[in-house]
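The next block is run12.cif, given as mmCIF, C-alpha atoms.
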data_final
#
loop_
_atom_site.label_atom_id
_atom_site.label_comp_id
_atom_site.auth_asym_id
_atom_site.auth_seq_id
_atom_site.Cartn_x
_atom_site.Cartn_y
_atom_site.Cartn_z
CA MET W 1 10.55 -35.04 27.79
CA LYS W 2 13.10 -33.79 30.31
CA LYS W 3 11.76 -30.75 32.20
CA ARG W 4 14.36 -28.00 32.59
CA ASP W 5 14.31 -24.30 33.34
CA ASP W 6 17.41 -23.18 31.41
CA MET W 7 16.00 -23.26 27.87
CA THR W 8 14.98 -20.34 25.67
CA PHE W 9 11.30 -20.88 26.48
CA PRO W 10 9.42 -22.54 29.36
CA PRO W 11 8.81 -26.32 29.12
CA GLU W 12 5.12 -25.68 28.47
CA GLU W 13 5.98 -23.93 25.19
CA TYR W 14 7.85 -26.97 23.88
CA GLU W 15 5.13 -29.30 25.10
CA ARG W 16 2.59 -27.27 23.14
CA ARG W 17 4.69 -27.29 19.99
CA LEU W 18 5.27 -31.04 20.19
CA SER W 19 1.61 -31.76 20.90
CA GLU W 20 0.45 -29.67 17.96
CA LEU W 21 3.00 -31.34 15.69
CA ARG W 22 1.69 -34.76 16.71
CA GLN W 23 -1.82 -33.65 15.87
CA ARG W 24 -0.63 -32.82 12.37
CA ILE W 25 1.25 -36.13 12.15
CA GLU W 26 -1.99 -37.94 12.99
CA GLN W 27 -3.98 -35.86 10.50
CA ARG W 28 -1.57 -36.91 7.76
CA HIS W 29 -1.88 -40.58 8.78
CA LEU W 30 1.81 -40.88 9.59
CA ASP W 31 3.47 -42.91 12.33
CA ALA W 32 6.54 -40.67 12.70
CA VAL W 33 8.38 -37.79 11.06
CA VAL W 34 12.08 -37.24 10.45
CA ILE W 35 12.87 -33.54 10.86
CA SER W 36 16.20 -32.39 9.40
CA ASP W 37 15.75 -28.64 8.91
CA PRO W 38 17.85 -26.84 11.59
CA GLU W 39 15.20 -24.14 12.20
CA ASN W 40 12.53 -26.79 12.72
CA ILE W 41 14.70 -28.83 15.06
CA MET W 42 15.40 -25.74 17.13
CA TYR W 43 11.73 -24.74 17.16
CA LEU W 44 10.80 -28.12 18.64
CA THR W 45 13.74 -28.74 20.99
CA ASP W 46 15.90 -25.57 21.41
CA TYR W 47 18.79 -27.47 19.80
CA GLN W 48 21.28 -25.39 17.85
CA THR W 49 24.78 -25.72 16.50
CA THR W 50 26.88 -24.18 13.76
CA GLY W 51 27.70 -27.73 12.68
CA TYR W 52 24.40 -28.33 10.91
CA SER W 53 26.18 -29.09 7.63
CA PHE W 54 26.64 -32.56 9.10
CA PHE W 55 23.46 -34.63 8.95
CA GLN W 56 21.21 -34.28 11.97
CA ALA W 57 17.63 -35.31 12.52
CA LEU W 58 14.92 -35.27 15.14
CA VAL W 59 12.61 -38.26 14.85
CA VAL W 60 9.18 -37.67 16.36
CA PRO W 61 7.02 -40.81 16.64
CA LEU W 62 3.29 -40.36 17.05
CA ASP W 63 3.10 -42.33 20.30
CA SER W 64 6.58 -42.63 21.78
CA GLU W 65 9.60 -40.62 22.87
CA PRO W 66 11.40 -38.50 20.22
CA PHE W 67 15.07 -39.17 19.58
CA MET W 68 17.91 -37.43 17.76
CA ILE W 69 20.52 -38.53 15.27
CA THR W 70 23.62 -36.31 15.42
CA ARG W 71 27.31 -36.32 14.74
CA ALA W 72 29.03 -37.52 17.94
CA LEU W 73 30.52 -34.08 18.60
CA GLU W 74 27.07 -32.46 18.46
CA GLU W 75 25.50 -34.81 21.02
CA SER W 76 26.80 -32.37 23.64
CA ASN W 77 24.43 -29.73 22.26
CA VAL W 78 21.49 -32.10 22.73
CA ILE W 79 22.50 -32.72 26.33
CA ALA W 80 23.34 -29.08 27.16
CA ARG W 81 20.44 -27.35 25.42
CA THR W 82 17.39 -29.55 24.90
CA TRP W 83 14.68 -31.63 26.54
CA VAL W 84 15.56 -34.64 24.35
CA GLU W 85 16.71 -37.64 26.38
CA VAL W 86 17.38 -40.23 23.65
CA THR W 87 20.23 -39.79 21.17
CA ARG W 88 21.97 -41.99 18.64
CA PRO W 89 25.24 -40.26 17.68
CA TYR W 90 27.43 -41.38 14.80
CA PRO W 91 31.23 -41.00 14.59
CA ASP W 92 32.98 -39.03 11.85
CA THR W 93 34.00 -42.38 10.38
CA GLY W 94 30.41 -43.63 10.50
CA ASP W 95 27.41 -43.47 8.18
CA ALA W 96 24.79 -40.94 9.30
CA ILE W 97 21.94 -42.32 7.22
CA GLN W 98 22.68 -45.88 8.24
CA MET W 99 22.49 -44.70 11.86
CA LEU W 100 19.08 -43.19 11.11
CA VAL W 101 17.87 -46.41 9.50
CA ASP W 102 19.23 -48.51 12.38
CA ALA W 103 17.49 -46.26 14.92
CA LEU W 104 14.17 -46.48 13.06
CA ARG W 105 14.51 -50.26 13.22
CA GLU W 106 15.52 -50.17 16.89
CA PHE W 107 12.42 -48.20 17.85
CA GLY W 108 10.01 -50.26 15.76
CA LEU W 109 9.42 -47.69 13.02
CA SER W 110 11.15 -49.28 10.02
CA ASP W 111 7.91 -50.76 8.65
CA LYS W 112 5.74 -47.73 9.41
CA ARG W 113 4.61 -44.63 7.50
CA ILE W 114 7.48 -42.20 7.89
CA GLY W 115 7.31 -38.55 6.90
CA TYR W 116 10.46 -36.69 5.89
CA GLU W 117 11.25 -33.15 4.74
CA ARG W 118 11.89 -33.81 1.07
CA ASN W 119 12.67 -30.15 0.33
CA SER W 120 15.02 -29.55 3.26
CA TYR W 121 18.38 -27.97 2.39
CA PHE W 122 20.00 -30.43 4.75
CA PHE W 123 18.53 -33.72 3.56
CA PRO W 124 20.13 -33.88 0.10
CA ALA W 125 19.06 -36.14 -2.74
CA TYR W 126 21.85 -38.67 -2.21
CA HIS W 127 20.81 -39.12 1.43
CA GLN W 128 17.19 -39.55 0.35
CA ASP W 129 18.25 -42.12 -2.25
CA VAL W 130 20.10 -44.10 0.42
CA ILE W 131 17.18 -44.20 2.85
CA HIS W 132 14.75 -45.16 0.08
CA THR W 133 16.93 -48.08 -0.99
CA THR W 134 17.78 -49.16 2.57
CA LEU W 135 14.45 -48.88 4.37
CA LYS W 136 12.58 -51.43 2.29
CA ASP W 137 9.67 -52.28 4.58
CA GLY W 138 8.50 -48.79 5.47
CA LYS W 139 6.57 -46.21 3.49
CA LEU W 140 8.38 -42.90 3.08
CA LEU W 141 6.21 -39.85 2.46
CA ASP W 142 7.02 -36.17 1.99
CA CYS W 143 5.92 -34.12 5.01
CA PHE W 144 7.70 -30.88 4.11
CA GLY W 145 6.02 -27.99 5.91
CA ILE W 146 4.55 -29.99 8.77
CA VAL W 147 6.60 -28.10 11.39
CA GLU W 148 6.33 -24.76 9.59
CA GLU W 149 2.56 -24.88 10.05
CA GLY W 150 3.28 -24.24 13.73
CA ARG W 151 6.12 -21.78 13.18
CA ILE W 152 4.18 -19.34 11.00
CA CYS W 153 2.22 -17.80 13.91
CA LYS W 154 4.48 -16.77 16.77
CA SER W 155 3.36 -17.25 20.34
CA PRO W 156 3.45 -14.37 22.86
CA VAL W 157 6.77 -15.62 24.26
CA GLU W 158 8.25 -15.66 20.76
CA ILE W 159 7.04 -12.10 20.10
CA ALA W 160 8.65 -11.01 23.38
CA LEU W 161 11.93 -12.62 22.37
CA MET W 162 11.85 -10.96 18.93
CA ARG W 163 11.66 -7.62 20.72
CA LYS W 164 15.11 -8.40 22.12
CA ALA W 165 16.34 -9.09 18.59
CA ALA W 166 14.82 -5.74 17.57
CA LYS W 167 16.94 -3.91 20.16
CA ALA W 168 20.05 -5.38 18.56
CA THR W 169 18.79 -4.43 15.10
CA GLU W 170 18.20 -0.82 16.11
CA ALA W 171 21.51 -0.51 17.96
CA GLY W 172 23.38 -1.86 14.95
CA MET W 173 21.57 0.46 12.57
CA LEU W 174 22.26 3.52 14.74
CA ALA W 175 25.94 2.59 14.92
CA GLY W 176 26.06 2.09 11.15
CA MET W 177 24.39 5.42 10.42
CA ASP W 178 26.81 7.10 12.80
CA ALA W 179 29.79 5.56 10.94
CA CYS W 180 28.63 6.71 7.49
CA CYS W 181 30.72 9.56 6.13
CA ALA W 182 32.80 10.39 3.08
CA GLY W 183 36.14 8.65 3.38
CA ALA W 184 34.86 5.75 5.46
CA THR W 185 34.99 2.31 3.91
CA GLU W 186 31.99 0.03 3.67
CA ASN W 187 33.97 -2.41 5.82
CA GLU W 188 34.26 0.17 8.60
CA ILE W 189 30.52 0.81 8.46
CA GLY W 190 29.83 -2.95 8.57
CA ALA W 191 32.17 -3.30 11.54
CA ALA W 192 30.35 -0.51 13.38
CA ILE W 193 26.98 -2.15 12.74
CA SER W 194 28.22 -5.52 13.96
CA ALA W 195 29.76 -4.05 17.11
CA GLY W 196 26.57 -2.12 17.83
CA MET W 197 24.42 -5.22 17.49
CA PHE W 198 26.61 -7.38 19.67
CA ARG W 199 27.10 -4.77 22.38
CA ALA W 200 23.32 -4.48 22.60
CA GLY W 201 23.03 -8.19 23.35
CA GLY W 202 22.62 -9.41 19.79
CA GLU W 203 24.00 -12.76 18.71
CA PRO W 204 25.51 -13.88 15.37
CA PRO W 205 22.83 -13.31 12.70
CA ALA W 206 22.02 -15.61 9.83
CA VAL W 207 23.32 -12.92 7.46
CA MET W 208 25.81 -10.19 8.25
CA PRO W 209 24.65 -6.62 7.50
CA TYR W 210 24.27 -5.36 3.95
CA VAL W 211 26.28 -2.20 3.31
CA THR W 212 26.51 -0.70 -0.17
CA SER W 213 27.34 2.83 -1.24
CA GLY W 214 26.81 4.87 -4.39
CA PRO W 215 26.57 2.76 -7.56
CA ARG W 216 27.12 -0.49 -5.65
CA SER W 217 23.64 -0.10 -4.16
CA MET W 218 22.29 -1.34 -7.51
CA ILE W 219 23.80 -4.81 -6.90
CA GLY W 220 21.32 -7.15 -5.27
CA HIS W 221 22.41 -8.67 -1.95
CA ALA W 222 25.86 -7.12 -2.19
CA THR W 223 27.65 -6.13 0.98
CA TRP W 224 30.89 -4.50 1.97
CA GLU W 225 33.93 -5.03 -0.24
CA GLY W 226 36.28 -2.31 0.95
CA ARG W 227 34.88 0.49 -1.21
CA GLN W 228 35.50 3.99 0.16
CA VAL W 229 32.39 6.15 0.40
CA GLN W 230 32.63 9.31 -1.69
CA GLU W 231 31.24 12.79 -1.08
CA ASN W 232 27.61 13.38 -2.14
CA GLU W 233 26.81 9.66 -2.23
CA HIS W 234 24.19 7.61 -0.40
CA ILE W 235 24.65 4.44 1.65
CA PHE W 236 22.11 1.62 1.72
CA LEU W 237 21.99 -0.33 4.99
CA GLU W 238 20.08 -3.51 5.85
CA VAL W 239 20.52 -4.98 9.30
CA GLY W 240 19.13 -8.19 10.77
CA GLY W 241 19.52 -8.42 14.53
CA CYS W 242 19.40 -11.83 16.17
CA PHE W 243 18.62 -13.15 19.64
CA ARG W 244 18.41 -16.91 20.29
CA ARG W 245 18.25 -17.39 16.49
CA TYR W 246 15.13 -15.19 16.20
CA HIS W 247 15.58 -12.23 13.85
CA THR W 248 14.13 -8.84 13.04
CA ALA W 249 15.37 -6.77 10.09
CA MET W 250 15.28 -3.21 8.80
CA MET W 251 16.54 -1.14 5.87
CA ARG W 252 17.61 2.48 6.17
CA THR W 253 19.37 4.99 3.91
CA VAL W 254 22.03 7.59 4.66
CA VAL W 255 22.57 10.54 2.27
CA LEU W 256 25.77 12.59 2.29
CA GLY W 257 25.17 16.14 1.19
CA LYS W 258 21.92 17.58 -0.11
CA LEU W 259 18.82 15.40 -0.33
CA SER W 260 17.92 15.51 -4.02
CA SER W 261 14.32 15.88 -5.15
CA SER W 262 14.40 12.30 -6.47
CA MET W 263 15.62 10.89 -3.17
CA GLN W 264 13.05 13.00 -1.32
CA ILE W 265 10.32 11.46 -3.49
CA ALA W 266 11.73 7.97 -2.86
CA GLN W 267 11.80 8.55 0.89
CA ASP W 268 8.25 9.89 0.99
CA THR W 269 6.94 7.06 -1.21
CA MET W 270 8.40 4.35 1.00
CA LYS W 271 7.14 6.05 4.15
CA ARG W 272 3.69 6.29 2.60
CA ALA W 273 3.74 2.56 1.86
CA LEU W 274 4.69 1.70 5.43
CA ASP W 275 2.06 4.09 6.80
CA ALA W 276 -0.55 2.31 4.66
CA VAL W 277 0.59 -1.06 6.01
CA HIS W 278 0.11 0.12 9.59
CA GLU W 279 -3.25 1.70 8.82
CA ILE W 280 -4.78 -1.08 6.72
CA VAL W 281 -3.15 -4.46 7.31
CA GLN W 282 -5.09 -6.73 9.65
CA PRO W 283 -6.03 -10.38 10.15
CA GLY W 284 -8.21 -11.77 7.38
CA MET W 285 -6.37 -10.06 4.53
CA THR W 286 -4.38 -12.25 2.17
CA VAL W 287 -0.67 -11.83 1.62
CA SER W 288 -1.53 -10.93 -1.98
CA ASP W 289 -3.70 -8.08 -0.65
CA VAL W 290 -0.72 -6.73 1.29
CA ASP W 291 1.63 -7.09 -1.66
CA ASN W 292 -0.77 -5.21 -3.91
CA LEU W 293 -1.12 -2.44 -1.31
CA VAL W 294 2.63 -1.91 -1.07
CA ARG W 295 3.40 -2.50 -4.74
CA ASN W 296 0.80 -0.06 -6.02
CA ILE W 297 2.20 2.74 -3.83
CA ILE W 298 5.85 2.06 -4.71
CA SER W 299 5.11 1.71 -8.43
CA ASP W 300 3.41 5.10 -8.54
CA ASN W 301 6.56 7.22 -8.60
CA THR W 302 8.21 9.71 -10.95
CA VAL W 303 11.83 8.77 -10.32
CA GLY W 304 12.03 5.59 -12.39
CA ALA W 305 12.25 3.22 -9.42
CA ARG W 306 10.74 -0.25 -9.17
CA LEU W 307 9.90 -2.81 -6.53
CA ILE W 308 11.51 -5.76 -8.28
CA THR W 309 10.96 -8.34 -5.53
CA ARG W 310 8.21 -9.57 -3.24
CA SER W 311 7.14 -6.85 -0.83
CA GLY W 312 7.90 -8.82 2.31
CA TYR W 313 8.39 -12.21 3.91
CA SER W 314 7.88 -14.08 7.14
CA ILE W 315 10.77 -13.71 9.57
CA GLY W 316 11.68 -15.52 12.78
CA ILE W 317 14.04 -18.43 13.47
CA ALA W 318 16.96 -18.57 11.07
CA PHE W 319 20.37 -20.08 10.51
CA PRO W 320 22.72 -19.14 7.67
CA PRO W 321 22.38 -18.74 4.72
CA SER W 322 19.28 -16.55 5.19
CA TRP W 323 17.40 -14.73 7.94
CA ASP W 324 13.99 -14.98 6.27
CA GLU W 325 11.19 -17.52 6.43
CA GLY W 326 10.00 -16.58 2.96
CA TYR W 327 9.80 -20.19 1.90
CA ILE W 328 6.97 -20.53 4.44
CA VAL W 329 5.10 -17.46 3.25
CA SER W 330 6.04 -14.35 1.27
CA LEU W 331 4.05 -11.25 0.42
CA LYS W 332 3.60 -11.76 -3.29
CA GLN W 333 0.88 -11.53 -5.89
CA GLY W 334 -1.50 -14.43 -6.26
CA ASP W 335 -0.84 -15.98 -2.84
CA ALA W 336 -4.10 -16.53 -0.96
CA THR W 337 -2.51 -17.23 2.45
CA VAL W 338 -4.60 -15.42 5.06
CA LEU W 339 -3.02 -13.20 7.70
CA LYS W 340 -3.46 -14.40 11.28
CA PRO W 341 -2.47 -12.90 14.64
CA GLY W 342 1.10 -13.80 15.53
CA MET W 343 2.46 -13.78 11.98
CA THR W 344 5.64 -11.74 11.65
CA PHE W 345 6.87 -10.10 8.45
CA HIS W 346 9.76 -8.02 7.21
CA ILE W 347 8.00 -5.44 5.02
CA ILE W 348 10.36 -4.23 2.27
CA PRO W 349 8.97 -1.37 0.15
CA TRP W 350 12.46 -0.62 -1.15
CA MET W 351 13.09 1.25 -4.41
CA TRP W 352 15.51 -0.06 -7.02
CA ALA W 353 17.05 2.28 -9.64
CA VAL W 354 16.05 5.74 -8.44
CA ASP W 355 17.19 7.97 -11.33
CA GLY W 356 18.49 4.76 -12.89
CA ASP W 357 21.54 4.40 -10.65
CA LYS W 358 20.57 4.38 -6.97
CA THR W 359 18.81 1.91 -4.70
CA CYS W 360 17.45 2.99 -1.33
CA GLY W 361 15.31 1.39 1.32
CA ILE W 362 13.16 1.93 4.39
CA SER W 363 11.68 -1.24 5.85
CA ASP W 364 9.94 -2.53 8.95
CA THR W 365 9.44 -5.78 10.83
CA ILE W 366 5.87 -6.15 12.06
CA HIS W 367 3.69 -8.66 13.81
CA ILE W 368 0.02 -9.15 13.09
CA THR W 369 -2.19 -8.40 16.10
CA GLU W 370 -5.87 -9.11 16.75
CA GLU W 371 -6.79 -5.65 15.47
CA GLY W 372 -4.08 -4.79 12.94
CA CYS W 373 -0.30 -4.84 13.04
CA GLU W 374 2.53 -3.44 15.15
CA SER W 375 6.17 -2.62 14.52
CA PHE W 376 9.01 -4.09 16.55
CA PHE W 377 10.94 -0.83 16.11
CA LEU W 378 10.97 2.73 17.41
CA LEU W 379 13.59 4.10 15.00
CA GLU W 380 12.59 6.97 12.73
CA ARG W 381 12.18 6.13 9.05
CA ASP W 382 13.49 9.32 7.40
CA PHE W 383 16.75 9.18 5.50
CA VAL W 384 19.66 10.36 7.61
CA VAL W 385 21.18 13.37 5.82
CA LYS W 386 24.76 14.22 6.77
CA PRO W 387 27.44 16.64 5.56
CA ALA W 388 28.99 15.68 2.23
CA SER W 389 32.57 16.52 3.14
CA ALA W 390 34.94 14.00 4.62
CA GLN W 391 36.30 16.78 6.83
CA ALA W 392 32.94 17.17 8.55
CA SER W 393 32.28 15.13 11.67
CA PRO W 394 30.71 11.79 10.72
CA CYS W 395 28.71 11.73 13.93
CA ILE W 396 24.96 12.26 13.83
CA ASP W 397 22.65 13.52 16.51
CA LEU W 398 21.25 10.18 17.63
CA SER W 399 18.45 11.88 19.52
CA ARG W 400 17.03 13.04 16.18
CA ALA W 401 17.19 9.49 14.83
CA ARG W 402 15.05 8.10 17.64
CA LYS W 403 11.31 8.00 17.82
CA LYS W 404 9.66 8.11 21.22
CA SER W 405 6.69 5.92 22.00
CA GLY W 406 5.30 6.84 25.40
CA GLU W 407 8.19 6.48 27.81
CA LYS W 408 10.11 4.05 25.56
CA GLU W 409 13.19 5.18 23.73
CA VAL W 410 15.92 3.40 21.79
CA GLU W 411 19.13 3.31 23.78
CA ASP W 412 22.27 4.85 22.29
CA ALA W 413 24.33 2.39 20.31
CA GLY W 414 27.47 4.15 21.48
CA THR W 415 29.19 7.50 21.45
CA CYS W 416 31.07 9.24 18.67
#
Let me see the file written as structure tokens.
Amino acid sequence: MKKRDDMTFPPEEYERRLSELRQRIEQRHLDAVVISDPENIMYLTDYQTTGYSFFQALVVPLDSEPFMITRALEESNVIARTWVEVTRPYPDTGDAIQMLVDALREFGLSDKRIGYERNSYFFPAYHQDVIHTTLKDGKLLDCFGIVEEGRICKSPVEIALMRKAAKATEAGMLAGMDACCAGATENEIGAAISAGMFRAGGEPPAVMPYVTSGPRSMIGHATWEGRQVQENEHIFLEVGGCFRRYHTAMMRTVVLGKLSSSMQIAQDTMKRALDAVHEIVQPGMTVSDVDNLVRNIISDNTVGARLITRSGYSIGIAFPPSWDEGYIVSLKQGDATVLKPGMTFHIIPWMWAVDGDKTCGISDTIHITEEGCESFFLLERDFVVKPASAQASPCIDLSRARKKSGEKEVEDAGTC
């Protein structure tokens, strides 16, 4: 391992991660693992690229130096970013899987017990078929999840880095709320959010912000499509800020005009759910316990709304197409995974179909502490209520949208 001081985390952090992975490799009676998931490769080495649609792999032997298989162009990312010293790049005219097989033979692993991430998005079935038919002497075994066992609980340095992502999230959300007014397009609101995030030090997120207004808020995972916001409508916003590929996310709702009794009930219900999370959630609970806590509060409403999804999911390192780590663990019924300090979740007690035609949300990203849980955010949770008319100033009093915590305060995302 090459020691360097220009990586996201200190060398000792990567040494710990690699050592713990090797302990799990040994426990599974493997001789090496082939890691192809981009989040897992980054977690272990700090390697990242937008070119992960081309095959790439980190091979970690139990007793010898790890090495990487990459497209030739991407070898520069290994050299510039990581501690990895051994690479085997393949040209665009070459065969990536054949390069992997040749490297396994070169380093004496072709007849060993090799783990691979069978469920990785980026190790497709046809690649798996090729390696199974080519590597005849070895034993290939599924090791999906072997890296995620380390990723699920964030270390103190990871928590500190996610706080930087949270600043970008809050700045983007403040800018988006400020841009919401009748006559504005969803695209303009999305542009304001993006500019706010990036000006606050945020980096390209795994998913661009979700912005839907009025009836479009009923469409799951929709985002801006040029629609012009009308008077007396609401705007649903979901922002995921990113820093060094680590994410935090939040939902908020803007209402133009009068806050109806139904939307007031929705706001208060979601706030009550988040308050219960902060009062009750602690290590030792199961994720099913947390889901039941949130779901029971959200379901007890008189405005016809439902929580139609899981109530939260793990969040941390992410590349497109998603910012969540929900495949590692999600807050859902029947899951007996136990909460531990260092786990991080996006809690989403959102409400679908208020009065049958509106979706709104207030969410939080938290980390589990030794005694309970803590938010990454300072931003107030109340809906932002603004004048209905397009002639009214779209600007909001940002000081009223901020929540002080001691001497800390969210910095302005910009000026009107």
Can you spell out as a PyMOL selection string the set of residues that the PyMOL selection byres ((chain W and resi 229-233) around 8) selects in the structure I just provided? chain W and resi 181-186+213-214+227-228+234-235+255-258+388-390
Output of the PyMOL selection byres ((chain W and resi 168-174) around 8), listed as a PyMOL selection string: chain W and resi 164-167+175-178+192-198+200-202+237-243+248-250+252+377+379+398+401+410-413
Given the file shown, determine the residues that the PyMOL selection byres ((chain W and resi 301) around 12) selects; report them as a VMD selection string. chain W and resid 262 to 270 272 to 273 295 to 300 302 to 307 351 to 355
Between W:Gly372, W:Ala96, W:Thr49, W:Val59, smallest distance to Glu75 of chain W by all atoms listed in the file belongs to W:Thr49
Closest to Ser217 of chain W among W:Glu374, W:Glu85, W:Asp357, W:Glu149, using all atoms listed in the file? W:Asp357
Can you tell me, as a VMD selection string, what residues are no more than 10 Å from Gly51 of chain W when counting only C-alpha atoms, ignoring any on the same chain fewer than 3 positions away? chain W and resid 38 48 54 to 56 70 to 71 73 to 74
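Here atom CA of Tyr121 of chain W stands at a distance of 21.1 Å from atom CA of Ala72 of chain W.
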Atom CA of Leu339 of chain W to atom CA of Asn119 of chain W measures 24.2 Å
Can you tell me which residues surround segment 320-322 of chain W at a distance of at most 9 Å, considering all atoms listed in the file, apart from same-chain residues fewer than 5 positions away, and format the answer as a short mmCIF file (atom, residue, chain, number, x, y, z; two decimals) with C-alpha atoms, keeping the file's coordinate frame?
data_model
loop_
_atom_site.label_atom_id
_atom_site.label_comp_id
_atom_site.auth_asym_id
_atom_site.auth_seq_id
_atom_site.Cartn_x
_atom_site.Cartn_y
_atom_site.Cartn_z
CA THR W 50 26.88 -24.18 13.76
CA PRO W 205 22.83 -13.31 12.70
CA ALA W 206 22.02 -15.61 9.83
CA VAL W 207 23.32 -12.92 7.46
#
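Straight-line separation from atom CA of Tyr52 of chain W to atom CA of Asp92 of chain W: 13.7 Å.
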Can you list, as a PyMOL selection string, every protein, DNA or RNA residue that comes within 12 Å of Pro283 of chain W when you count all atoms listed in the file, leaving out same-chain residues fewer than 3 positions away? chain W and resi 153+280+286-287+289-290+337-344+367-373
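Of the listed residues W:Leu44, W:Met68, W:Ile35, W:Ile131, the one whose atoms come nearest to Arg16 of chain W is W:Leu44, with distances taken using all atoms listed in the file.
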Which one is closest to Glu158 of chain W: W:Leu58, W:Ile366, W:Ile317, W:Met7? Count all atoms listed in the file. W:Ile317
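Once all atoms listed in the file are considered, the residues situated within 12 Å of the file point (11.9, -10.7, -6.3) turn out to be Gly220, His221, Asp291, Arg295, Arg306, Leu307, Ile308, Thr309, Arg310, Ser311, Gly312, Tyr313, Gly326, Ser330, Leu331, Lys332, Gln333, Ile348, Pro349, Trp350 and Trp352 of chain W.
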All file atoms of segment 63-78 of chain W boxed axis-aligned, 8 Å per side, centre plus edges, as JSON:
{"center_x": 16.8, "center_y": -36.2, "center_z": 19.2, "size_x": 43.4, "size_y": 28.9, "size_z": 24.9}
